[in-house]
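Source file protein_19.csv; content: CSV, C-alpha atoms.
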```csv
chain,number,residue,atom,x,y,z
A,1,MET,CA,106.2,106.6,99.0
A,2,HIS,CA,110.0,106.6,99.4
A,3,GLU,CA,110.4,103.8,96.9
A,4,LEU,CA,111.7,106.3,94.3
A,5,SER,CA,114.6,107.3,96.5
A,6,ILE,CA,115.2,103.7,97.4
A,7,ALA,CA,115.3,102.8,93.7
A,8,GLN,CA,117.8,105.7,93.1
A,9,SER,CA,120.0,104.4,95.9
A,10,ILE,CA,120.0,100.9,94.3
A,11,VAL,CA,120.9,102.3,90.9
A,12,GLU,CA,123.8,104.4,92.4
A,13,ILE,CA,125.2,101.3,94.2
A,14,VAL,CA,125.0,99.2,91.0
A,15,LEU,CA,126.7,101.9,88.9
A,16,GLN,CA,129.5,102.0,91.4
A,17,HIS,CA,130.1,98.2,91.1
A,18,MET,CA,129.6,97.5,87.4
A,19,PRO,CA,132.5,97.6,84.9
A,20,LYS,CA,133.1,101.0,83.3
A,21,GLU,CA,133.7,99.7,79.8
A,22,GLU,CA,131.2,100.6,77.1
A,23,GLY,CA,128.7,98.0,75.9
A,24,VAL,CA,128.2,96.5,79.3
A,25,SER,CA,124.6,96.2,80.4
A,26,VAL,CA,122.9,94.9,83.5
A,27,ARG,CA,120.5,92.0,83.1
A,28,SER,CA,119.3,91.7,86.6
A,29,VAL,CA,119.8,93.1,90.1
A,30,ARG,CA,119.1,90.8,93.1
A,31,LEU,CA,117.8,92.5,96.2
A,32,SER,CA,117.0,91.0,99.5
A,33,LEU,CA,114.0,92.7,101.1
A,34,GLY,CA,112.7,92.2,104.6
A,35,ALA,CA,109.0,91.9,105.4
A,36,MET,CA,109.3,94.8,107.7
A,37,ALA,CA,111.6,96.9,105.5
A,38,GLY,CA,108.7,99.3,104.9
A,39,VAL,CA,108.9,99.0,101.1
A,40,VAL,CA,106.2,98.1,98.7
A,41,PRO,CA,107.7,95.6,96.2
A,42,ASP,CA,105.4,96.5,93.3
A,43,SER,CA,106.0,100.2,93.8
A,44,LEU,CA,109.8,99.7,94.0
A,45,GLU,CA,109.8,97.6,90.7
A,46,PHE,CA,107.8,100.4,89.0
A,47,CYS,CA,110.2,103.1,90.2
A,48,PHE,CA,113.2,101.0,89.3
A,49,GLY,CA,111.9,100.5,85.8
A,50,ALA,CA,111.2,104.2,85.4
A,51,ILE,CA,114.5,105.6,86.6
A,52,THR,CA,116.7,103.1,84.8
A,53,GLU,CA,115.6,104.2,81.3
A,54,GLY,CA,118.5,105.5,79.4
A,55,THR,CA,121.1,104.1,81.8
A,56,PRO,CA,123.2,100.9,81.6
A,57,LEU,CA,120.5,99.3,83.8
A,58,GLU,CA,117.7,99.9,81.3
A,59,GLY,CA,115.6,96.8,80.9
A,60,ALA,CA,117.3,95.1,83.9
A,61,ARG,CA,115.1,92.8,86.1
A,62,LEU,CA,114.8,93.6,89.7
A,63,GLU,CA,114.7,90.2,91.4
A,64,ILE,CA,113.4,90.6,94.9
A,65,GLU,CA,114.2,88.0,97.5
A,66,HIS,CA,111.7,88.3,100.3
A,67,VAL,CA,113.1,87.8,103.8
A,68,PRO,CA,110.5,86.9,106.4
A,69,LEU,CA,110.2,88.5,109.8
A,70,ARG,CA,112.0,86.1,112.2
A,71,ALA,CA,112.6,86.5,115.9
A,72,HIS,CA,114.2,84.8,118.9
A,73,CYS,CA,111.9,84.4,121.8
A,74,ASN,CA,113.5,85.5,125.1
A,75,SER,CA,111.0,83.4,127.0
A,76,CYS,CA,111.2,79.9,125.5
A,77,GLY,CA,114.3,80.3,123.3
A,78,ALA,CA,112.5,79.4,120.1
A,79,ASP,CA,113.5,81.0,116.8
A,80,GLY,CA,110.7,81.4,114.3
A,81,ASP,CA,108.7,83.4,111.8
A,82,ILE,CA,106.4,86.0,113.4
A,83,GLU,CA,103.5,88.1,112.1
A,84,PRO,CA,104.5,91.7,111.6
A,85,THR,CA,101.1,92.8,113.2
A,86,LEU,CA,101.3,90.3,116.0
A,87,PHE,CA,104.6,90.4,117.8
A,88,VAL,CA,104.2,87.1,119.7
A,89,CYS,CA,106.2,83.9,119.7
A,90,ARG,CA,104.3,81.2,117.8
A,91,ALA,CA,105.6,78.5,120.1
A,92,CYS,CA,104.8,80.0,123.6
A,93,GLY,CA,103.0,83.3,123.0
A,94,GLY,CA,105.8,85.2,124.6
A,95,THR,CA,106.1,88.9,123.7
A,96,SER,CA,109.7,89.6,124.6
A,97,LEU,CA,111.3,89.0,121.2
A,98,THR,CA,114.6,89.9,119.6
A,99,VAL,CA,114.2,90.4,115.8
A,100,LEU,CA,116.6,88.2,113.8
A,101,SER,CA,115.6,89.2,110.3
A,102,GLY,CA,113.0,91.1,108.4
A,103,ARG,CA,114.4,94.6,108.1
A,104,GLU,CA,116.9,93.8,105.3
A,105,MET,CA,117.3,95.9,102.2
A,106,GLN,CA,120.5,94.9,100.5
A,107,VAL,CA,121.8,94.7,97.0
A,108,ARG,CA,123.1,91.1,96.7
A,109,ASP,CA,124.6,90.9,93.2
A,110,ILE,CA,124.1,91.8,89.6
A,111,GLU,CA,124.2,89.9,86.4
A,112,ILE,CA,125.9,91.7,83.6
A,113,GLU,CA,126.2,91.1,79.9
A,114,GLU,CA,129.0,92.3,77.6
A,115,LYS,CA,128.0,93.0,74.0
A,116,GLU,CA,129.9,90.8,71.5
A,117,GLY,CA,132.8,92.4,69.7
A,118,VAL,CA,133.1,95.3,72.1
A,119,ARG,CA,135.7,93.7,74.3
H,1,MET,CA,127.4,87.0,81.0
H,2,SER,CA,128.8,87.2,84.5
H,3,VAL,CA,127.7,87.8,88.1
H,4,ILE,CA,129.2,90.5,90.3
H,5,THR,CA,128.7,90.2,94.0
H,6,ILE,CA,127.8,93.4,95.7
H,7,GLU,CA,126.3,92.8,99.2
H,8,ARG,CA,125.7,96.4,100.2
H,9,LYS,CA,122.9,97.9,102.2
H,10,VAL,CA,120.7,100.1,100.0
H,11,LEU,CA,120.6,102.8,102.7
H,12,GLU,CA,124.3,102.5,103.6
H,13,LYS,CA,125.1,106.0,102.6
H,14,ASN,CA,122.3,107.3,104.9
H,15,ASP,CA,123.5,105.1,107.7
H,16,VAL,CA,127.1,106.3,107.5
H,17,LEU,CA,125.9,110.0,107.6
H,18,ALA,CA,123.6,109.1,110.5
H,19,GLY,CA,126.6,107.7,112.3
H,20,GLN,CA,128.5,111.0,111.8
H,21,ASN,CA,125.5,112.9,113.2
H,22,ARG,CA,125.4,110.6,116.2
H,23,SER,CA,129.2,111.2,116.9
H,24,LEU,CA,128.6,114.9,116.7
H,25,PHE,CA,125.7,114.6,119.2
H,26,LYS,CA,127.9,112.5,121.5
H,27,GLN,CA,130.8,114.9,121.3
H,28,HIS,CA,128.6,117.9,122.3
H,29,GLY,CA,126.6,115.9,124.9
H,30,ILE,CA,123.3,116.4,123.0
H,31,PHE,CA,120.3,114.3,123.5
H,32,ALA,CA,118.6,114.1,120.0
H,33,ILE,CA,115.1,112.8,119.5
H,34,ASN,CA,113.3,112.1,116.2
H,35,VAL,CA,109.6,112.8,116.5
H,36,VAL,CA,107.4,110.9,114.0
H,37,SER,CA,103.6,110.6,113.4
H,38,SER,CA,101.0,110.7,110.7
H,39,PRO,CA,100.1,114.2,109.5
H,40,GLY,CA,98.0,116.1,111.9
H,41,ALA,CA,98.6,114.0,115.0
H,42,GLY,CA,99.8,117.1,116.8
H,43,LYS,CA,103.7,117.0,116.6
H,44,THR,CA,104.1,120.7,116.3
H,45,SER,CA,101.5,121.5,119.0
H,46,LEU,CA,103.2,119.0,121.3
H,47,LEU,CA,106.5,120.7,120.5
H,48,GLU,CA,105.1,124.1,121.3
H,49,ARG,CA,103.6,122.9,124.6
H,50,THR,CA,106.9,121.1,125.5
H,51,LEU,CA,109.0,124.1,124.7
H,52,GLY,CA,106.8,126.3,126.9
H,53,HIS,CA,107.4,123.9,129.7
H,54,LEU,CA,111.1,123.5,129.2
H,55,ALA,CA,111.7,127.3,128.9
H,56,GLY,CA,114.5,128.3,131.2
H,57,ARG,CA,115.2,124.8,132.3
H,58,LEU,CA,116.9,123.2,129.2
H,59,SER,CA,118.6,124.6,126.1
H,60,VAL,CA,116.7,123.2,123.2
H,61,ALA,CA,117.2,123.4,119.4
H,62,VAL,CA,114.6,122.3,116.9
H,63,ILE,CA,114.8,121.0,113.3
H,64,GLU,CA,111.5,121.1,111.5
H,65,GLY,CA,110.9,118.8,108.5
H,66,ASP,CA,108.0,119.5,106.2
H,67,VAL,CA,107.2,118.9,102.5
H,68,GLN,CA,106.5,122.6,102.0
H,69,THR,CA,106.5,125.9,103.9
H,70,ASP,CA,108.4,127.1,107.0
H,71,LEU,CA,105.2,127.6,109.0
H,72,ASP,CA,106.2,125.2,111.7
H,73,ALA,CA,109.6,126.8,112.2
H,74,GLN,CA,107.8,130.1,112.6
H,75,ARG,CA,105.6,128.7,115.2
H,76,VAL,CA,108.5,127.2,117.1
H,77,ALA,CA,110.7,130.3,116.8
H,78,GLN,CA,108.1,132.2,119.0
H,79,TYR,CA,109.5,130.2,121.9
H,80,ASN,CA,112.9,131.8,121.5
H,81,VAL,CA,114.7,128.6,120.6
H,82,PRO,CA,116.9,128.2,117.6
H,83,ALA,CA,114.8,126.5,114.9
H,84,VAL,CA,115.7,125.4,111.4
H,85,GLN,CA,113.2,124.4,108.8
H,86,ILE,CA,114.0,121.7,106.3
H,87,VAL,CA,111.7,121.8,103.3
H,88,THR,CA,111.9,118.4,101.5
H,89,ALA,CA,110.0,119.7,98.4
H,90,GLY,CA,108.1,116.5,98.0
H,91,GLY,CA,110.3,114.1,100.0
H,92,CYS,CA,108.2,112.0,102.4
H,93,HIS,CA,110.9,111.8,105.1
H,94,LEU,CA,114.0,113.4,106.5
H,95,GLU,CA,117.4,111.9,105.6
H,96,ALA,CA,120.6,112.0,107.6
H,97,ASN,CA,122.3,114.4,105.2
H,98,LEU,CA,119.5,117.0,105.5
H,99,VAL,CA,119.9,116.9,109.3
H,100,HIS,CA,123.7,117.1,109.0
H,101,ASP,CA,123.4,120.3,106.9
H,102,ALA,CA,120.8,121.8,109.2
H,103,LEU,CA,123.1,121.3,112.2
H,104,ALA,CA,125.5,123.9,110.7
H,105,ASN,CA,122.9,126.5,111.7
H,106,PHE,CA,123.3,125.9,115.4
H,107,ASP,CA,125.9,126.6,118.0
H,108,LEU,CA,126.0,123.0,119.1
H,109,SER,CA,128.0,123.7,122.3
H,110,ASN,CA,124.9,125.5,123.6
H,111,VAL,CA,122.4,122.7,122.8
H,112,ARG,CA,121.5,120.0,125.3
H,113,LEU,CA,118.3,118.7,123.6
H,114,LEU,CA,117.7,118.5,119.9
H,115,ILE,CA,114.2,117.8,118.8
H,116,ILE,CA,113.8,116.8,115.2
H,117,GLU,CA,110.3,116.9,113.9
H,118,ASN,CA,110.1,114.6,111.0
H,119,VAL,CA,107.7,114.8,108.0
H,120,GLY,CA,104.2,113.6,108.9
H,121,ASN,CA,104.3,109.9,107.7
H,122,LEU,CA,104.2,106.6,109.6
H,123,VAL,CA,106.0,104.6,106.9
H,124,CYS,CA,109.1,106.1,105.3
H,125,PRO,CA,110.7,107.8,108.3
H,126,SER,CA,111.1,104.5,110.1
H,127,ASN,CA,113.8,103.4,107.5
H,128,TYR,CA,116.0,106.5,107.8
H,129,ASP,CA,118.3,106.8,110.8
H,130,LEU,CA,119.1,110.4,111.4
H,131,GLY,CA,121.6,109.8,114.2
H,132,GLU,CA,119.0,110.3,116.9
H,133,ALA,CA,119.1,108.6,120.3
H,134,MET,CA,115.5,107.5,120.0
H,135,LYS,CA,112.3,107.9,118.0
H,136,VAL,CA,109.2,109.3,119.6
H,137,VAL,CA,106.0,108.3,117.9
H,138,VAL,CA,102.9,110.4,118.4
H,139,ALA,CA,99.5,108.8,117.9
H,140,SER,CA,96.4,110.9,118.4
H,141,THR,CA,93.0,109.6,119.6
H,142,THR,CA,91.3,110.8,116.5
H,143,GLU,CA,93.3,108.2,114.4
H,144,GLY,CA,91.7,105.3,116.2
H,145,ASP,CA,93.3,102.6,118.4
H,146,ASP,CA,94.5,100.3,115.6
H,147,LYS,CA,97.3,102.5,114.3
H,148,PRO,CA,100.1,100.4,115.9
H,149,LEU,CA,98.9,97.3,114.1
H,150,LYS,CA,98.7,99.0,110.8
H,151,TYR,CA,102.1,100.6,111.0
H,152,PRO,CA,104.1,98.1,113.2
H,153,GLY,CA,107.5,99.2,111.8
H,154,MET,CA,107.3,102.6,113.2
H,155,PHE,CA,106.0,101.5,116.6
H,156,ARG,CA,108.6,98.8,116.8
H,157,ASN,CA,111.4,101.2,116.1
H,158,SER,CA,110.3,103.9,118.5
H,159,SER,CA,111.2,104.1,122.2
H,160,VAL,CA,108.4,106.4,123.3
H,161,LEU,CA,104.7,106.6,122.4
H,162,ILE,CA,102.8,109.8,123.1
H,163,ILE,CA,99.0,109.4,122.9
H,164,ASN,CA,97.9,112.9,122.0
H,165,LYS,CA,94.5,114.6,122.0
H,166,ILE,CA,93.2,112.8,125.0
H,167,ASP,CA,90.8,115.6,125.6
H,168,LEU,CA,88.8,114.4,122.6
H,169,LEU,CA,88.3,110.9,123.9
H,170,PRO,CA,84.6,111.5,124.8
H,171,TYR,CA,83.9,112.4,121.1
H,172,VAL,CA,85.9,109.8,119.2
H,173,ASN,CA,85.8,106.1,118.6
H,174,CYS,CA,89.1,105.3,120.3
H,175,ASP,CA,89.6,102.9,123.1
H,176,ILE,CA,92.8,104.2,124.7
H,177,ALA,CA,93.4,101.0,126.6
H,178,ALA,CA,93.3,99.1,123.3
H,179,LEU,CA,95.6,101.7,121.7
H,180,ARG,CA,98.1,101.2,124.5
H,181,ALA,CA,97.8,97.4,124.4
H,182,ASN,CA,98.2,97.3,120.6
H,183,ALA,CA,101.3,99.4,120.8
H,184,LEU,CA,102.8,97.4,123.6
H,185,ARG,CA,102.1,94.2,121.8
H,186,ILE,CA,104.3,95.4,118.9
H,187,ASN,CA,106.9,96.9,121.2
H,188,PRO,CA,106.7,95.9,124.9
H,189,SER,CA,109.6,98.3,125.8
H,190,LEU,CA,107.7,101.5,124.8
H,191,SER,CA,107.4,104.3,127.4
H,192,VAL,CA,103.9,105.7,127.1
H,193,PHE,CA,102.7,109.2,127.8
H,194,GLU,CA,99.1,110.6,127.4
H,195,THR,CA,98.8,114.3,126.5
H,196,SER,CA,96.5,117.0,125.5
H,197,CYS,CA,97.9,120.1,123.9
H,198,THR,CA,94.6,121.8,124.4
H,199,THR,CA,94.3,121.3,128.2
H,200,GLY,CA,98.0,120.8,128.8
H,201,ALA,CA,97.4,117.4,130.5
H,202,GLY,CA,100.4,115.1,130.5
H,203,ILE,CA,102.8,117.8,129.3
H,204,PRO,CA,104.6,118.3,132.6
H,205,ALA,CA,105.3,114.5,133.0
H,206,TRP,CA,106.6,114.2,129.4
H,207,SER,CA,108.7,117.4,129.7
H,208,ASP,CA,110.2,116.2,133.0
H,209,TRP,CA,111.0,112.9,131.5
H,210,LEU,CA,112.8,114.7,128.7
H,211,ILE,CA,114.9,116.7,131.1
H,212,ALA,CA,115.8,113.6,133.1
H,213,ARG,CA,116.8,111.7,130.0
H,214,THR,CA,118.8,114.7,128.7
H,215,GLU,CA,120.6,115.0,132.0
H,216,ALA,CA,121.3,111.3,132.1
H,217,GLY,CA,123.1,111.8,128.8
H,218,GLY,CA,120.3,110.3,126.7
H,219,ALA,CA,121.1,106.9,128.1
```
I need this file expressed as structure tokens, please.
Amino acid sequence: MHELSIAQSIVEIVLQHMPKEEGVSVRSVRLSLGAMAGVVPDSLEFCFGAITEGTPLEGARLEIEHVPLRAHCNSCGADGDIEPTLFVCRACGGTSLTVLSGREMQVRDIEIEEKEGVR
Amino acid sequence: MSVITIERKVLEKNDVLAGQNRSLFKQHGIFAINVVSSPGAGKTSLLERTLGHLAGRLSVAVIEGDVQTDLDAQRVAQYNVPAVQIVTAGGCHLEANLVHDALANFDLSNVRLLIIENVGNLVCPSNYDLGEAMKVVVASTTEGDDKPLKYPGMFRNSSVLIINKIDLLPYVNCDIAALRANALRINPSLSVFETSCTTGAGIPAWSDWLIARTEAGGA
């Protein structure tokens, strides 16, 4: 259950990047999340909602882009999706794999809204 | 309405601090390992047995991570090694900044091997780099042989697997060959040791390996 500290890190990063003027609020935060990032999306969304109350991020949607676990097979050279519980190449059954993606946890971008008349 | 591009890793701050820890270890020639497992797999008992075997052969320092109490640091301190307890007060894993702060308690020029015992948890610690040279995952026979399949992230990110409590094999439903095979399926490059902290089996082989790796500069 480290989703709360992950959510806090996301909020910190967003606050560093959003305009400092008053009346600016965040509508959505886009996050890429790997299948093997070790984070439970539902739990992260819950924590995100809870800790953004009373901040410029209150009510913001957390849009999670799921990144599949992909690997390069060192035996047959194929690149493909693999099962996290079964580290084998789907093409040849090889087990010597180099992970290409699936561990990501990155804030991609945010959508912000300026209240009318404030600027 | 407008979009602001950010493209930053969520754990960037931790990764930067872990990098600083890693530089510090390199500068002082310290081999640092991050020991992880589920609660009760026997990390502290393994540590005690290992320290007993390393006594007089290698200068070791220990960082203990727990949610509460300094009981583990007290156990370790009996072996006359510098030990610091980090109490996370609810936190389910150690982070690089906690380790960085703990390092201030040691005379690093006198440390060759640093053993960091993480909080018992097979999920969260796999995300947080502490600056260690490698993770060592401990799985005990009482947990069954399917742990690697249930927690692939941790087994994939570790370099060593220690199968502990092998003295209990006659009494538990654990096929040690299957446990090994499951772990190696997730991570074929794992070095595997089998130990019992009750009988002491496997402790010399594991300790000697630690000495060899420390002397090789953790490479």
Notebook entry, point to check: Suppose you want the space between CA of Cys76 in chain A and CA of Asn182 in chain H; what is it in Å?
Noted result: 22.3 Å
Next item on the list: Find the residues near range 89-96 of chain A: any atom within 12 Å, counting only C-alpha atoms, skip ones fewer than 5 places away on the same chain, and give them as a ChimeraX atom specification.
Entry: /A:69-84 /H:181-189
Note to self: Counting only C-alpha atoms, a student should be able to say which residues of chain H come within 12 Å of chain A; what is the right answer, written as number ranges by chain?
What the structure shows: H: 1-14, 90-95, 121-128, 146-157, 181-189
File of the preceding selection, C-alpha atoms, as a JSON list (two decimals), in the frame of the given file:
```
[["chain", "number", "residue", "atom", "x", "y", "z"],
["H", 1, "MET", "CA", 127.40, 87.00, 81.00],
["H", 2, "SER", "CA", 128.80, 87.20, 84.50],
["H", 3, "VAL", "CA", 127.70, 87.80, 88.10],
["H", 4, "ILE", "CA", 129.20, 90.50, 90.30],
["H", 5, "THR", "CA", 128.70, 90.20, 94.00],
["H", 6, "ILE", "CA", 127.80, 93.40, 95.70],
["H", 7, "GLU", "CA", 126.30, 92.80, 99.20],
["H", 8, "ARG", "CA", 125.70, 96.40, 100.20],
["H", 9, "LYS", "CA", 122.90, 97.90, 102.20],
["H", 10, "VAL", "CA", 120.70, 100.10, 100.00],
["H", 11, "LEU", "CA", 120.60, 102.80, 102.70],
["H", 12, "GLU", "CA", 124.30, 102.50, 103.60],
["H", 13, "LYS", "CA", 125.10, 106.00, 102.60],
["H", 14, "ASN", "CA", 122.30, 107.30, 104.90],
["H", 90, "GLY", "CA", 108.10, 116.50, 98.00],
["H", 91, "GLY", "CA", 110.30, 114.10, 100.00],
["H", 92, "CYS", "CA", 108.20, 112.00, 102.40],
["H", 93, "HIS", "CA", 110.90, 111.80, 105.10],
["H", 94, "LEU", "CA", 114.00, 113.40, 106.50],
["H", 95, "GLU", "CA", 117.40, 111.90, 105.60],
["H", 121, "ASN", "CA", 104.30, 109.90, 107.70],
["H", 122, "LEU", "CA", 104.20, 106.60, 109.60],
["H", 123, "VAL", "CA", 106.00, 104.60, 106.90],
["H", 124, "CYS", "CA", 109.10, 106.10, 105.30],
["H", 125, "PRO", "CA", 110.70, 107.80, 108.30],
["H", 126, "SER", "CA", 111.10, 104.50, 110.10],
["H", 127, "ASN", "CA", 113.80, 103.40, 107.50],
["H", 128, "TYR", "CA", 116.00, 106.50, 107.80],
["H", 146, "ASP", "CA", 94.50, 100.30, 115.60],
["H", 147, "LYS", "CA", 97.30, 102.50, 114.30],
["H", 148, "PRO", "CA", 100.10, 100.40, 115.90],
["H", 149, "LEU", "CA", 98.90, 97.30, 114.10],
["H", 150, "LYS", "CA", 98.70, 99.00, 110.80],
["H", 151, "TYR", "CA", 102.10, 100.60, 111.00],
["H", 152, "PRO", "CA", 104.10, 98.10, 113.20],
["H", 153, "GLY", "CA", 107.50, 99.20, 111.80],
["H", 154, "MET", "CA", 107.30, 102.60, 113.20],
["H", 155, "PHE", "CA", 106.00, 101.50, 116.60],
["H", 156, "ARG", "CA", 108.60, 98.80, 116.80],
["H", 157, "ASN", "CA", 111.40, 101.20, 116.10],
["H", 181, "ALA", "CA", 97.80, 97.40, 124.40],
["H", 182, "ASN", "CA", 98.20, 97.30, 120.60],
["H", 183, "ALA", "CA", 101.30, 99.40, 120.80],
["H", 184, "LEU", "CA", 102.80, 97.40, 123.60],
["H", 185, "ARG", "CA", 102.10, 94.20, 121.80],
["H", 186, "ILE", "CA", 104.30, 95.40, 118.90],
["H", 187, "ASN", "CA", 106.90, 96.90, 121.20],
["H", 188, "PRO", "CA", 106.70, 95.90, 124.90],
["H", 189, "SER", "CA", 109.60, 98.30, 125.80]]
```
Next item on the list: For CA of Ala61 in chain H and CA of Cys197 in chain H, quote the distance in Å rounded to one decimal.
Entry: 20.1 Å
Next item on the list: Grab the CA of Val36 in chain H to CA of Asp66 in chain H distance for me, in Å with one decimal place.
Entry: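 It comes out at 11.6 Å.
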Next item on the list: Would you please work out which residue, of A:Glu22, A:Gly102, A:Ser43, A:Gly54, is nearest to Val67 in chain A when using all atoms listed in the file?
Entry: A:Gly102
Margin query: Please determine, counting all atoms listed in the file, which residue among H:Leu108, H:Leu161, H:Leu130, H:Gly202 has the shortest atom-to-atom distance to Gln27 in chain H.
Written below: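 Checking each candidate against Gln27 in chain H, we get H:Leu108 as the closest.
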